[in-house]
Structures are given as structure tokens and as C-alpha cells.
>>> print(open('start.cif').read())   # mmCIF, C-alpha atoms
data_work
#
loop_
_atom_site.label_atom_id
_atom_site.label_comp_id
_atom_site.auth_asym_id
_atom_site.auth_seq_id
_atom_site.Cartn_x
_atom_site.Cartn_y
_atom_site.Cartn_z
CA MET W 1 -7.95 -15.56 -10.03
CA ARG W 2 -4.64 -16.30 -8.38
CA TYR W 3 -2.68 -14.10 -6.05
CA GLU W 4 0.80 -14.05 -4.62
CA LEU W 5 2.29 -12.04 -1.80
CA LEU W 6 5.69 -10.69 -2.85
CA ASP W 7 8.50 -9.06 -0.90
CA LYS W 8 7.20 -10.33 2.40
CA PRO W 9 7.41 -9.50 5.20
CA ASP W 10 8.86 -6.00 5.33
CA PHE W 11 7.58 -4.39 2.14
CA ALA W 12 4.88 -6.76 1.01
CA MET W 13 3.10 -6.31 -2.29
CA VAL W 14 0.33 -8.33 -3.90
CA ARG W 15 0.26 -9.66 -7.44
CA VAL W 16 -3.11 -10.82 -8.73
CA THR W 17 -3.28 -12.82 -11.95
CA PHE W 18 -6.71 -13.00 -13.50
CA ASP W 19 -7.71 -16.24 -15.23
CA GLN W 20 -10.92 -15.14 -16.84
CA PRO W 21 -12.36 -11.91 -18.20
CA GLY W 22 -14.78 -10.17 -15.86
CA GLU W 23 -13.01 -11.07 -12.62
CA LYS W 24 -12.90 -8.16 -10.21
CA MET W 25 -10.74 -6.87 -7.41
CA VAL W 26 -11.71 -3.90 -5.23
CA VAL W 27 -8.62 -2.00 -4.07
CA GLU W 28 -8.27 0.93 -1.67
CA SER W 29 -7.63 4.24 -3.37
CA ALA W 30 -3.97 4.92 -4.30
CA ALA W 31 -2.86 1.36 -3.57
CA MET W 32 -2.42 0.30 -7.18
CA VAL W 33 1.19 -0.19 -8.27
CA ALA W 34 0.89 -1.57 -11.77
CA ARG W 35 -1.65 -3.25 -14.02
CA SER W 36 -2.16 -4.54 -17.52
CA THR W 37 -3.26 -1.67 -19.72
CA ALA W 38 -6.44 -3.25 -21.02
CA MET W 39 -7.81 -3.82 -17.54
CA ALA W 40 -10.77 -1.61 -16.70
CA MET W 41 -10.53 0.69 -13.68
CA GLU W 42 -13.59 2.18 -12.12
CA THR W 43 -13.64 4.49 -9.12
CA ASN W 44 -16.66 4.29 -6.92
CA MET W 45 -18.00 4.42 -3.43
CA ARG W 46 -18.90 1.00 -2.29
CA GLY W 47 -22.40 0.95 -0.85
CA GLY W 48 -23.24 4.54 -1.79
CA ILE W 49 -22.14 7.86 -0.37
CA MET W 50 -23.46 7.39 3.18
CA ALA W 51 -21.83 4.01 3.66
CA ALA W 52 -18.59 5.32 2.17
CA ALA W 53 -18.59 8.44 4.35
CA LYS W 54 -19.20 6.31 7.41
CA ARG W 55 -16.31 4.04 6.49
CA LYS W 56 -14.04 7.04 5.93
CA LEU W 57 -14.94 8.79 9.16
CA LEU W 58 -15.23 5.78 11.39
CA GLY W 59 -13.27 3.03 9.76
CA GLY W 60 -10.36 5.10 8.46
CA GLU W 61 -10.65 3.69 4.97
CA SER W 62 -10.51 5.75 1.83
CA ILE W 63 -13.91 7.01 0.68
CA LEU W 64 -13.32 5.75 -2.78
CA GLN W 65 -12.24 2.38 -3.91
CA ASN W 66 -11.00 1.38 -7.31
CA THR W 67 -12.53 -1.67 -8.90
CA PHE W 68 -10.31 -3.39 -11.42
CA THR W 69 -11.99 -5.70 -13.89
CA SER W 70 -10.07 -8.04 -16.14
CA THR W 71 -10.85 -8.02 -19.84
CA GLN W 72 -8.78 -10.98 -20.92
CA PRO W 73 -7.08 -13.99 -19.27
CA GLY W 74 -3.57 -13.59 -17.92
CA GLU W 75 -3.87 -9.93 -16.94
CA THR W 76 -2.05 -8.90 -13.80
CA LEU W 77 -2.60 -6.29 -11.12
CA TYR W 78 -0.14 -5.22 -8.42
CA PHE W 79 -1.06 -3.32 -5.29
CA ALA W 80 0.66 -2.40 -2.03
CA PRO W 81 -0.04 -0.37 1.12
CA ALA W 82 1.66 2.99 1.70
CA ALA W 83 3.78 2.26 4.76
CA GLU W 84 6.33 -0.46 5.33
CA GLY W 85 4.79 -3.61 6.65
CA ASP W 86 3.33 -6.97 5.95
CA VAL W 87 0.25 -8.03 4.02
CA GLU W 88 -1.94 -11.04 4.69
CA VAL W 89 -4.72 -12.59 2.67
CA LEU W 90 -7.65 -14.57 4.00
CA GLU W 91 -10.01 -16.58 1.91
CA LEU W 92 -13.38 -15.78 3.43
CA ASP W 93 -15.92 -18.55 3.07
CA GLY W 94 -18.84 -16.86 4.76
CA SER W 95 -18.52 -18.85 7.97
CA TYR W 96 -16.64 -16.27 9.98
CA PRO W 97 -16.51 -12.48 9.63
CA ILE W 98 -13.25 -10.64 10.21
CA LEU W 99 -12.92 -7.44 12.20
CA MET W 100 -10.12 -5.12 11.18
CA SER W 101 -8.85 -2.00 12.89
CA SER W 102 -9.06 1.21 10.91
CA GLY W 103 -6.67 1.53 8.02
CA ALA W 104 -5.87 -2.16 7.81
CA LEU W 105 -7.98 -2.90 4.75
CA LEU W 106 -6.06 -3.13 1.49
CA ALA W 107 -8.30 -4.92 -0.99
CA GLY W 108 -11.04 -7.45 -1.30
CA GLY W 109 -12.91 -9.51 -3.82
CA PRO W 110 -16.30 -8.21 -5.01
CA GLY W 111 -18.08 -10.68 -2.71
CA VAL W 112 -16.58 -9.20 0.46
CA ASN W 113 -18.92 -6.79 2.24
CA LEU W 114 -17.65 -4.13 4.60
CA ASP W 115 -19.33 -2.35 7.44
CA THR W 116 -18.13 -0.20 10.31
CA LYS W 117 -18.58 -1.30 13.85
CA TRP W 118 -18.39 0.86 16.93
CA GLY W 119 -15.42 -0.10 19.06
CA GLY W 120 -16.75 1.33 22.32
CA THR W 121 -16.22 4.77 23.86
CA ARG W 122 -12.93 3.79 25.41
CA GLY W 123 -11.58 3.04 21.98
CA PHE W 124 -12.91 6.27 20.65
CA PHE W 125 -10.85 8.31 23.09
CA SER W 126 -7.70 6.26 22.75
CA GLY W 127 -6.81 8.02 19.54
CA THR W 128 -6.07 4.73 17.89
CA GLY W 129 -9.43 4.71 16.17
CA MET W 130 -10.77 1.52 17.62
CA PHE W 131 -13.52 1.68 15.15
CA LEU W 132 -13.54 -1.60 13.44
CA LEU W 133 -14.31 -2.60 9.92
CA LYS W 134 -16.26 -5.78 9.64
CA ALA W 135 -15.65 -7.87 6.54
CA GLU W 136 -17.97 -10.71 5.72
CA GLY W 137 -19.08 -12.62 2.68
CA THR W 138 -16.93 -14.73 0.44
CA GLY W 139 -13.72 -14.11 -1.43
CA PRO W 140 -10.21 -12.97 -0.73
CA LEU W 141 -9.59 -10.23 1.82
CA PHE W 142 -6.23 -8.46 1.88
CA PHE W 143 -5.15 -6.47 4.88
CA SER W 144 -1.91 -4.76 5.74
CA CYS W 145 -0.24 -3.57 8.88
CA TYR W 146 2.64 -1.42 9.99
CA GLY W 147 5.61 -3.68 10.76
CA GLY W 148 5.37 -7.44 10.79
CA LEU W 149 2.23 -9.48 11.31
CA HIS W 150 2.07 -11.84 14.21
CA VAL W 151 -0.67 -14.42 14.63
CA VAL W 152 -2.00 -15.44 18.01
CA ASP W 153 -4.58 -18.14 18.45
CA VAL W 154 -6.62 -17.04 21.40
CA GLY W 155 -7.74 -19.86 23.65
CA PRO W 156 -9.85 -20.11 26.79
CA GLY W 157 -7.31 -18.11 28.77
CA GLY W 158 -7.97 -14.96 26.74
CA TYR W 159 -5.36 -12.57 25.47
CA ILE W 160 -4.45 -8.92 25.91
CA CYS W 161 -3.06 -6.76 23.12
CA ASP W 162 -2.27 -3.04 22.93
CA THR W 163 -5.08 -1.40 20.91
CA SER W 164 -2.63 0.22 18.50
CA HIS W 165 -1.17 -3.18 17.66
CA VAL W 166 -4.47 -4.88 16.85
CA VAL W 167 -4.72 -5.44 13.11
CA ALA W 168 -7.54 -7.94 12.73
CA PHE W 169 -9.33 -10.74 14.52
CA THR W 170 -12.03 -13.27 13.86
CA ALA W 171 -15.46 -12.08 14.89
CA GLY W 172 -15.91 -15.04 17.23
CA LEU W 173 -13.74 -13.27 19.77
CA ASN W 174 -15.30 -11.05 22.38
CA TYR W 175 -13.25 -8.04 23.29
CA ASN W 176 -13.34 -5.05 25.51
CA VAL W 177 -11.05 -2.07 25.56
CA GLN W 178 -9.57 -1.21 28.92
CA SER W 179 -6.67 0.68 30.40
CA VAL W 180 -3.79 -1.46 31.57
CA GLY W 181 -4.13 -0.76 35.24
CA GLY W 182 -6.23 2.22 36.10
CA LEU W 183 -5.89 5.83 35.03
CA LYS W 184 -2.44 6.25 36.51
CA SER W 185 -0.91 3.71 34.18
CA LEU W 186 -2.80 5.22 31.29
CA PHE W 187 -0.71 8.35 31.69
CA PHE W 188 2.53 7.00 33.06
CA SER W 189 3.16 3.54 31.70
CA GLY W 190 2.94 4.56 28.08
CA GLU W 191 0.86 1.51 27.39
CA GLY W 192 -2.41 3.33 27.06
CA LEU W 193 -5.28 1.09 26.22
CA VAL W 194 -5.35 -2.58 25.63
CA CYS W 195 -7.84 -4.85 24.04
CA ASN W 196 -8.84 -7.78 26.21
CA PHE W 197 -9.91 -10.73 24.07
CA GLN W 198 -12.02 -13.60 25.30
CA GLY W 199 -13.19 -16.71 23.57
CA GLN W 200 -11.89 -18.77 20.70
CA GLY W 201 -10.43 -17.20 17.62
CA ARG W 202 -7.45 -15.80 15.86
CA LEU W 203 -5.82 -12.44 16.36
CA TRP W 204 -3.40 -10.74 13.96
CA MET W 205 -1.26 -8.10 15.55
CA SER W 206 1.41 -5.80 14.18
CA THR W 207 4.92 -5.77 15.57
CA ARG W 208 5.13 -1.96 15.28
CA ASN W 209 2.67 0.86 15.53
CA PRO W 210 2.85 4.05 13.48
CA SER W 211 2.24 6.48 16.34
CA SER W 212 5.33 5.17 18.13
CA LEU W 213 7.28 5.97 14.98
CA ALA W 214 5.78 9.46 14.89
CA ASN W 215 6.70 10.04 18.54
CA PHE W 216 10.18 8.79 17.83
CA ILE W 217 10.72 11.03 14.82
CA GLN W 218 9.16 14.15 16.30
CA PRO W 219 12.14 15.33 18.42
CA TYR W 220 14.42 15.03 15.39
CA ARG W 221 12.37 17.28 13.17
CA ARG W 222 13.75 20.68 12.35
CA VAL W 223 12.05 23.58 14.05
CA LYS W 224 11.74 26.87 12.26
CA ARG W 225 13.15 29.64 14.43
CA SER W 226 10.97 32.67 14.86
CA ASN W 227 13.81 35.24 14.62
CA MET I 1 19.07 -3.37 -5.02
CA GLU I 2 19.58 -4.75 -8.47
CA ILE I 3 22.59 -4.92 -10.80
CA LEU I 4 21.59 -4.35 -14.39
CA PRO I 5 24.13 -5.47 -17.02
CA LEU I 6 23.95 -3.01 -19.88
CA THR I 7 22.08 -3.95 -23.00
CA PRO I 8 22.57 -2.29 -26.42
CA ALA I 9 19.42 -0.21 -25.92
CA GLY I 10 20.31 0.89 -22.38
CA TYR I 11 17.99 1.73 -19.54
CA PHE I 12 15.81 4.53 -18.35
CA ILE I 13 16.22 5.07 -14.62
CA GLN I 14 14.22 7.20 -12.23
CA ASN I 15 16.79 9.61 -10.72
CA ALA I 16 16.31 8.60 -7.09
CA ALA I 17 16.79 4.94 -8.01
CA TYR I 18 20.22 5.41 -9.58
CA ILE I 19 23.05 4.33 -7.28
CA ALA I 20 26.16 3.57 -9.29
CA SER I 21 27.47 2.55 -12.68
CA SER I 22 30.65 1.33 -14.37
CA PRO I 23 32.96 4.17 -15.51
CA ASP I 24 32.26 3.74 -19.24
CA VAL I 25 28.52 3.90 -18.78
CA ASN I 26 27.14 7.14 -20.03
CA VAL I 27 24.40 8.47 -17.78
CA GLU I 28 22.51 11.50 -18.94
CA THR I 29 19.44 13.35 -17.82
CA GLN I 30 16.49 13.08 -20.09
CA THR I 31 14.90 16.36 -20.93
CA GLY I 32 12.40 17.34 -23.58
CA GLY I 33 10.94 14.03 -24.63
CA PHE I 34 9.89 13.19 -21.14
CA LYS I 35 7.47 16.01 -20.64
CA GLY I 36 5.67 16.70 -17.48
CA PHE I 37 7.00 14.00 -15.23
CA PHE I 38 5.75 15.60 -12.08
CA SER I 39 4.95 12.59 -9.99
CA GLY I 40 6.53 14.14 -6.90
CA ALA I 41 8.70 11.09 -6.40
CA GLY I 42 11.23 11.31 -9.18
CA VAL I 43 11.39 14.41 -11.32
CA PHE I 44 14.17 13.42 -13.65
CA ILE I 45 14.67 10.40 -15.73
CA LEU I 46 18.20 9.24 -16.46
CA LYS I 47 19.25 7.30 -19.48
CA ALA I 48 22.15 4.88 -19.09
CA THR I 49 23.90 3.68 -22.24
CA SER I 50 27.29 2.24 -23.03
CA GLN I 51 29.25 1.08 -26.06
CA GLN I 52 30.99 -1.56 -23.98
CA ALA I 53 29.88 -3.97 -21.36
CA GLY I 54 29.00 -2.27 -18.11
CA GLN I 55 26.68 -2.33 -15.19
CA VAL I 56 24.24 -0.04 -13.47
CA LEU I 57 23.11 -0.39 -9.89
CA VAL I 58 19.61 0.67 -9.01
CA GLY I 59 17.79 0.64 -5.71
CA GLY I 60 14.25 1.18 -4.58
CA PHE I 61 12.02 1.82 -1.63
CA GLY I 62 10.77 -1.53 -0.43
CA GLY I 63 11.16 -4.63 -2.53
CA LEU I 64 12.21 -4.63 -6.16
CA GLN I 65 10.23 -6.65 -8.67
CA GLU I 66 11.07 -7.28 -12.28
CA LEU I 67 8.05 -7.16 -14.55
CA HIS I 68 7.96 -8.23 -18.18
CA CYS I 69 6.07 -5.92 -20.41
CA ASP I 70 4.70 -7.88 -23.32
CA GLY I 71 2.44 -5.48 -25.12
CA ASN I 72 1.09 -3.00 -22.61
CA LEU I 73 1.50 -2.24 -18.93
CA VAL I 74 0.49 0.64 -16.67
CA ILE I 75 2.68 1.55 -13.68
CA ASP I 76 2.09 4.13 -10.97
CA THR I 77 4.86 6.74 -11.44
CA GLY I 78 5.73 6.62 -7.73
CA HIS I 79 6.60 2.93 -8.02
CA LEU I 80 8.89 3.14 -11.05
CA VAL I 81 12.58 2.27 -10.71
CA ALA I 82 13.99 1.50 -14.15
CA TRP I 83 13.04 0.04 -17.49
CA ASP I 84 14.54 -1.16 -20.75
CA ALA I 85 14.95 1.66 -23.23
CA THR I 86 13.34 -0.59 -25.83
CA LEU I 87 9.99 0.25 -24.27
CA ASP I 88 7.86 3.17 -25.32
CA TYR I 89 6.40 5.09 -22.45
CA LYS I 90 4.20 8.03 -21.85
CA ILE I 91 2.81 9.69 -18.77
CA ALA I 92 -0.92 9.48 -18.62
CA LYS I 93 -3.79 10.09 -16.27
CA SER I 94 -4.78 6.97 -14.39
CA GLY I 95 -8.47 7.36 -15.16
CA ALA I 96 -10.54 8.53 -18.07
CA GLY I 97 -10.36 12.22 -17.10
CA TRP I 98 -8.59 14.48 -14.62
CA ILE I 99 -11.40 14.23 -12.09
CA ALA I 100 -11.57 10.46 -12.33
CA SER I 101 -7.78 10.26 -11.97
CA TRP I 102 -7.81 12.47 -8.93
CA LEU I 103 -10.67 10.59 -7.33
CA SER I 104 -9.03 7.25 -7.91
CA GLY I 105 -6.06 8.44 -5.85
CA GLU I 106 -3.65 7.01 -8.36
CA GLY I 107 -2.71 10.33 -9.93
CA LEU I 108 -0.32 9.89 -12.81
CA VAL I 109 0.71 6.60 -14.27
CA CYS I 110 3.28 5.60 -16.81
CA ASP I 111 1.86 3.85 -19.82
CA PHE I 112 4.34 1.38 -21.32
CA SER I 113 4.10 -0.37 -24.64
CA GLY I 114 6.39 -2.76 -26.45
CA GLN I 115 8.64 -5.51 -25.19
CA GLY I 116 11.00 -5.20 -22.27
CA ARG I 117 11.57 -5.39 -18.57
CA ILE I 118 10.46 -2.92 -15.93
CA TRP I 119 11.66 -2.81 -12.34
CA ILE I 120 9.27 -1.51 -9.76
CA GLN I 121 9.53 -0.79 -6.05
CA SER I 122 6.89 -2.10 -3.70
CA ARG I 123 6.47 1.24 -1.87
CA ASN I 124 5.73 4.73 -3.10
CA PRO I 125 7.80 7.38 -1.25
CA GLY I 126 5.19 10.11 -1.71
CA GLU I 127 2.38 8.00 -0.32
CA TYR I 128 4.58 6.88 2.54
CA GLY I 129 5.33 10.49 3.45
CA GLN I 130 1.66 11.35 3.45
CA THR I 131 0.79 8.42 5.67
CA VAL I 132 3.52 9.01 8.23
CA GLY I 133 3.14 12.80 8.02
CA ARG I 134 -0.47 12.56 9.10
CA ALA I 135 0.61 11.00 12.40
CA LEU I 136 3.01 13.86 13.18
CA PRO I 137 1.97 17.05 14.94
CA PRO I 138 1.96 20.15 12.69
CA ARG I 139 5.28 21.85 12.07
CA LYS I 140 5.83 25.28 13.55
CA GLY I 141 6.17 28.18 11.16
#
>>> encode(input="start.cif", output="C-alpha cells")
Amino acid sequence: MRYELLDKPDFAMVRVTFDQPGEKMVVESAAMVARSTAMAMETNMRGGIMAAAKRKLLGGESILQNTFTSTQPGETLYFAPAAEGDVEVLELDGSYPILMSSGALLAGGPGVNLDTKWGGTRGFFSGTGMFLLKAEGTGPLFFSCYGGLHVVDVGPGGYICDTSHVVAFTAGLNYNVQSVGGLKSLFFSGEGLVCNFQGQGRLWMSTRNPSSLANFIQPYRRVKRSN
Amino acid sequence: MEILPLTPAGYFIQNAAYIASSPDVNVETQTGGFKGFFSGAGVFILKATSQQAGQVLVGGFGGLQELHCDGNLVIDTGHLVAWDATLDYKIAKSGAGWIASWLSGEGLVCDFSGQGRIWIQSRNPGEYGQTVGRALPPRKG
């Protein structure tokens, strides 16, 4: 199985070329763009209904995933996220799990296991859904973000990132969610909550966040007059 | 954006993707044959043909990719931009049945067969609207 990231970074799309029959790719619902006709598509809930419901409610992922299975060599599959933004792929080797913020998952190999992880009460109230999806196992893991992806290697000094800009990070990092500087700044600085990372690891953050876009668009929307 | 030099067979173009064409290019709306193209993204399909040399400009949402259909290919209708008129196409459910198609979230797909090129866009306007729309407060009225 080979994969390429096309149209990076603003409207990234993934092309997977299968080398052997029976190779699988598990893709989030509605993300498929195109595929070879003979390829088998199966819709299912990974890990059963309870695990899927938990992922949907807590991790922001679609309940259902589509599993594409190749039937002959050379078949191709294209998939892309819904919003504009970048896509990154990591080749998981089992040595380090990846934590992703809700909605970041795009696709994974069949050997990648997903579980939700509680992001702490602070995160719960931030509205950014700091529930995290934990991906472990082996195989490729594709995640997407809104805007561009920026990589930060977190060292001993730690690092602070706005919660709504956190896309993914290696599980070796410790984090806690906190307000920037007390309650006052929570309401007045517009920064809201940040994620304070400690330890050694890598952090992927997005250069834009969708709720800022929504806030930006909102005043320009037409309002229906009542009379 | 892509400039397509006209071929003898011409092109089929999703209406929102059409931008411009040379004056002698004949662009007409496809009716009849293309039944039930209700993807929500592009309702009409245009056919561009010309007796002489000419060009058509098409654009898409996101990046444009040129795919080569050699035999069979399935494309999500929301990602279609244009394709060679040499290709046969039909709109089909993405899964085995209506329920499976709906559950898969892919909805309708375009089933191509034959030889030719297909241009796709890397984003689906309908899906984009749904994603951004969810973040907006409800509209009044």
C-alpha cells in the first residue's frame, strides 16, 4: 500500500494505491472522493455500537466508518476532509500512541485502534471538545485540521497552545487544560483555554480554528425580518 | 483552475465548475439522459463540444486532480468537475442498497466506465457547508 498527499497544504487530499488484494483502509464516513469500482466498501461501526457511540459523542468522530478493501493490485482510493485544511500521515509502529482532538481523524489502517480519552472537565466546558481520540497500534494514521498544520517539538521548557488549535500530539506529553490568566482573561482576552504541555514529544497544531471562522461569518449572515 | 483544449468527443462539465470557453465552443445543458443528478452540489451537467479547436476553463473547490479512468472508476458526485465525453457514466448508490448508501455517508456516486480523463476537486461544497454550518448559531426565522 502506498499513499500520497495531494494538493497540500490548503486543500489536501489523500491518494492510496493498493499493491495487493485484501489490503484495507478505514475511512471516516463521507470522506471518500473516488475509488476503483471493483474495490469493496463496507460500512461498519468499529468496535461495536457502544465503542462507536462513545467515539461519536465524546471524540466527535462519525459513528460509522467505511472500510475499503482492494480486490486487485493497482486499485486506487481518494479521500479528503470536508473543510479546507491540511492532512498529515503518521506511520505508527506501536511505540508511541497519538492523541488527536475531536474531529481530526480522517482515516487509518486496519491495525490502528482508536479509543476516546477524557480531556478533563476544563476541556469539557471549553466548547472545543477537548475529548481526545487515542490512536495506537501499527499502520498509517491520517488526520486533518482546519487551516495549515504546524509542528512543534516540545522540549523540557514545555509549550502552551490554544485548545482549539490542538490537532494531535504524541502520548508522551503530559498536558493540562487551563485558562490563560484567571477567569477574567477567559472572558475578556478571547483566548479562552489553553493546553499546557510538559515533557518530550511532538505537537501538531492548526493555524486556524473553525469557531473563529464561524464568529467571523456570523455578523455577515442575513437576518430574516419579522415584519 | 484548468484549461481543457477541446477534443472531438468534448467534455461533460458540472455546471458550477464551468468558468469560460472559446466563442465557437458549444455549451449546452444536458437534460434527459442524465436523470436524477440530485447531488446537491451541481444539479446540471453541461456538455461542451466544438467543430474547431477551442478551450474550456473549469474550476473547482480545493485542488484539481486529473484522474485516468481505465476501465471503471467511482467518484463522489460532490467532487466531480469535468470528464471526457468518451466515458460512460451513471449515477448510482454508493453502497449495495439505499440504507447502506445512507449509512456510509457517501450518498450518491458517479459510476464511470470506459477510457478517459476525469477532473475532480479535493473538497465537496455540500460537506463543507454542513461542517461550517454546524459551528454557526441557528438562523432566525
>>> closest_atom_pairs(input="start.cif", of="chain W", to="chain I", cutoff="8 Å", atoms="only C-alpha atoms", output="JSON lines")
{"residue": "W:Asp7", "atom": "CA", "partner": "I:Gly63", "partner_atom": "CA", "distance": 5.4}
{"residue": "W:Asp10", "atom": "CA", "partner": "I:Gly62", "partner_atom": "CA", "distance": 7.5}
{"residue": "W:Phe11", "atom": "CA", "partner": "I:Gly62", "partner_atom": "CA", "distance": 5.0}
{"residue": "W:Ala12", "atom": "CA", "partner": "I:Ser122", "partner_atom": "CA", "distance": 6.9}
{"residue": "W:Met13", "atom": "CA", "partner": "I:Ser122", "partner_atom": "CA", "distance": 5.8}
{"residue": "W:Ser29", "atom": "CA", "partner": "I:Gly105", "partner_atom": "CA", "distance": 5.1}
{"residue": "W:Ala30", "atom": "CA", "partner": "I:Gly105", "partner_atom": "CA", "distance": 4.4}
{"residue": "W:Ala31", "atom": "CA", "partner": "I:Glu106", "partner_atom": "CA", "distance": 7.4}
{"residue": "W:Met32", "atom": "CA", "partner": "I:Glu106", "partner_atom": "CA", "distance": 6.9}
{"residue": "W:Val33", "atom": "CA", "partner": "I:Asp76", "partner_atom": "CA", "distance": 5.2}
{"residue": "W:Ala34", "atom": "CA", "partner": "I:Ile75", "partner_atom": "CA", "distance": 4.1}
{"residue": "W:Arg35", "atom": "CA", "partner": "I:Val74", "partner_atom": "CA", "distance": 5.2}
{"residue": "W:Ser36", "atom": "CA", "partner": "I:Leu73", "partner_atom": "CA", "distance": 4.5}
{"residue": "W:Thr37", "atom": "CA", "partner": "I:Leu73", "partner_atom": "CA", "distance": 4.9}
{"residue": "W:Ala38", "atom": "CA", "partner": "I:Asn72", "partner_atom": "CA", "distance": 7.7}
{"residue": "W:Met41", "atom": "CA", "partner": "I:Gly95", "partner_atom": "CA", "distance": 7.1}
{"residue": "W:Glu42", "atom": "CA", "partner": "I:Gly95", "partner_atom": "CA", "distance": 7.9}
{"residue": "W:Thr43", "atom": "CA", "partner": "I:Ser104", "partner_atom": "CA", "distance": 5.5}
{"residue": "W:Leu64", "atom": "CA", "partner": "I:Ser104", "partner_atom": "CA", "distance": 6.9}
{"residue": "W:Gln65", "atom": "CA", "partner": "I:Ser104", "partner_atom": "CA", "distance": 7.1}
{"residue": "W:Asn66", "atom": "CA", "partner": "I:Ser104", "partner_atom": "CA", "distance": 6.2}
{"residue": "W:Ala80", "atom": "CA", "partner": "I:Ser122", "partner_atom": "CA", "distance": 6.5}
{"residue": "W:Pro81", "atom": "CA", "partner": "I:Arg123", "partner_atom": "CA", "distance": 7.3}
{"residue": "W:Ala82", "atom": "CA", "partner": "I:Tyr128", "partner_atom": "CA", "distance": 4.9}
{"residue": "W:Ala83", "atom": "CA", "partner": "I:Tyr128", "partner_atom": "CA", "distance": 5.2}
{"residue": "W:Glu84", "atom": "CA", "partner": "I:Gly62", "partner_atom": "CA", "distance": 7.4}
{"residue": "W:Pro210", "atom": "CA", "partner": "I:Val132", "partner_atom": "CA", "distance": 7.3}
{"residue": "W:Ser211", "atom": "CA", "partner": "I:Ala135", "partner_atom": "CA", "distance": 6.2}
{"residue": "W:Ala214", "atom": "CA", "partner": "I:Leu136", "partner_atom": "CA", "distance": 5.5}
{"residue": "W:Asn215", "atom": "CA", "partner": "I:Leu136", "partner_atom": "CA", "distance": 7.5}
{"residue": "W:Gln218", "atom": "CA", "partner": "I:Leu136", "partner_atom": "CA", "distance": 6.9}
{"residue": "W:Val223", "atom": "CA", "partner": "I:Lys140", "partner_atom": "CA", "distance": 6.5}
{"residue": "W:Lys224", "atom": "CA", "partner": "I:Gly141", "partner_atom": "CA", "distance": 5.8}
{"residue": "W:Arg225", "atom": "CA", "partner": "I:Gly141", "partner_atom": "CA", "distance": 7.8}
{"residue": "W:Ser226", "atom": "CA", "partner": "I:Gly141", "partner_atom": "CA", "distance": 7.5}
>>> resolve_selection(input="start.cif", expression="the PyMOL selection byres ((chain W and resi 74-76) around 6)", output="ChimeraX atom specification")
/W:16-19,35-36,73,77
>>> closest_residue(input="start.cif", among="W:Gly108, W:Gly85, W:Pro21, W:Gly199", to="Gly158 (chain W)", atoms="all atoms listed in the file")
W:Gly199
>>> residues_around(input="start.cif", residues="Glu66 (chain I)", least_positions_apart="6", cutoff="9 Å", atoms="only C-alpha atoms", output="PDB file with C-alpha atoms, in the coordinates of the input")
ATOM      1  CA  ARG I 117      11.570  -5.390 -18.570  1.00  0.00           C
ATOM      2  CA  ILE I 118      10.460  -2.920 -15.930  1.00  0.00           C
ATOM      3  CA  TRP I 119      11.660  -2.810 -12.340  1.00  0.00           C
ATOM      4  CA  ILE I 120       9.270  -1.510  -9.760  1.00  0.00           C
TER       5      ILE I 120
END
>>> residues_around(input="start.cif", residues="region 44-51 of chain I", least_positions_apart="4", cutoff="12 Å", atoms="all atoms listed in the file", output="PyMOL selection string")
chain I and resi 4-40+55-58+77+80-86+89
>>> closest_residue(input="start.cif", among="W:Asp93, W:Asp115, W:Glu136, W:Asp153", to="Ala171 (chain W)", atoms="only C-alpha atoms")
W:Glu136
>>> residues_around(input="start.cif", residues="Ala135 (chain W)", least_positions_apart="6", cutoff="8 Å", atoms="only C-alpha atoms", output="number ranges by chain")
W: 97-100, 112-115
>>> build_atoms(input="start.cif", residues="region 11-25 of chain W", atoms="N, CA and C atoms", output="CSV table (one decimal), in the frame of the given file")
chain,number,residue,atom,x,y,z
W,11,PHE,N,8.2,-5.3,3.1
W,11,PHE,CA,7.6,-4.4,2.1
W,11,PHE,C,6.6,-5.1,1.2
W,12,ALA,N,5.7,-5.9,1.8
W,12,ALA,CA,4.9,-6.8,1.0
W,12,ALA,C,4.1,-6.1,-0.1
W,13,MET,N,3.9,-6.8,-1.2
W,13,MET,CA,3.1,-6.3,-2.3
W,13,MET,C,2.3,-7.5,-2.8
W,14,VAL,N,1.2,-7.2,-3.4
W,14,VAL,CA,0.3,-8.3,-3.9
W,14,VAL,C,0.3,-8.3,-5.4
W,15,ARG,N,0.5,-9.5,-6.0
W,15,ARG,CA,0.3,-9.7,-7.4
W,15,ARG,C,-1.0,-10.6,-7.7
W,16,VAL,N,-1.9,-10.0,-8.4
W,16,VAL,CA,-3.1,-10.8,-8.7
W,16,VAL,C,-3.0,-11.1,-10.2
W,17,THR,N,-3.2,-12.4,-10.5
W,17,THR,CA,-3.3,-12.8,-12.0
W,17,THR,C,-4.7,-13.3,-12.2
W,18,PHE,N,-5.3,-12.7,-13.2
W,18,PHE,CA,-6.7,-13.0,-13.5
W,18,PHE,C,-6.8,-14.1,-14.6
W,19,ASP,N,-7.6,-15.1,-14.3
W,19,ASP,CA,-7.7,-16.2,-15.2
W,19,ASP,C,-8.8,-16.1,-16.3
W,20,GLN,N,-9.8,-15.3,-15.9
W,20,GLN,CA,-10.9,-15.1,-16.8
W,20,GLN,C,-11.3,-13.7,-17.0
W,21,PRO,N,-11.9,-13.3,-18.1
W,21,PRO,CA,-12.4,-11.9,-18.2
W,21,PRO,C,-13.5,-11.7,-17.2
W,22,GLY,N,-13.7,-10.5,-16.7
W,22,GLY,CA,-14.8,-10.2,-15.9
W,22,GLY,C,-14.5,-10.4,-14.4
W,23,GLU,N,-13.3,-10.9,-14.0
W,23,GLU,CA,-13.0,-11.1,-12.6
W,23,GLU,C,-12.7,-9.7,-12.1
W,24,LYS,N,-13.0,-9.5,-10.8
W,24,LYS,CA,-12.9,-8.2,-10.2
W,24,LYS,C,-12.1,-8.2,-8.9
W,25,MET,N,-11.4,-7.1,-8.7
W,25,MET,CA,-10.7,-6.9,-7.4
W,25,MET,C,-11.0,-5.4,-7.0
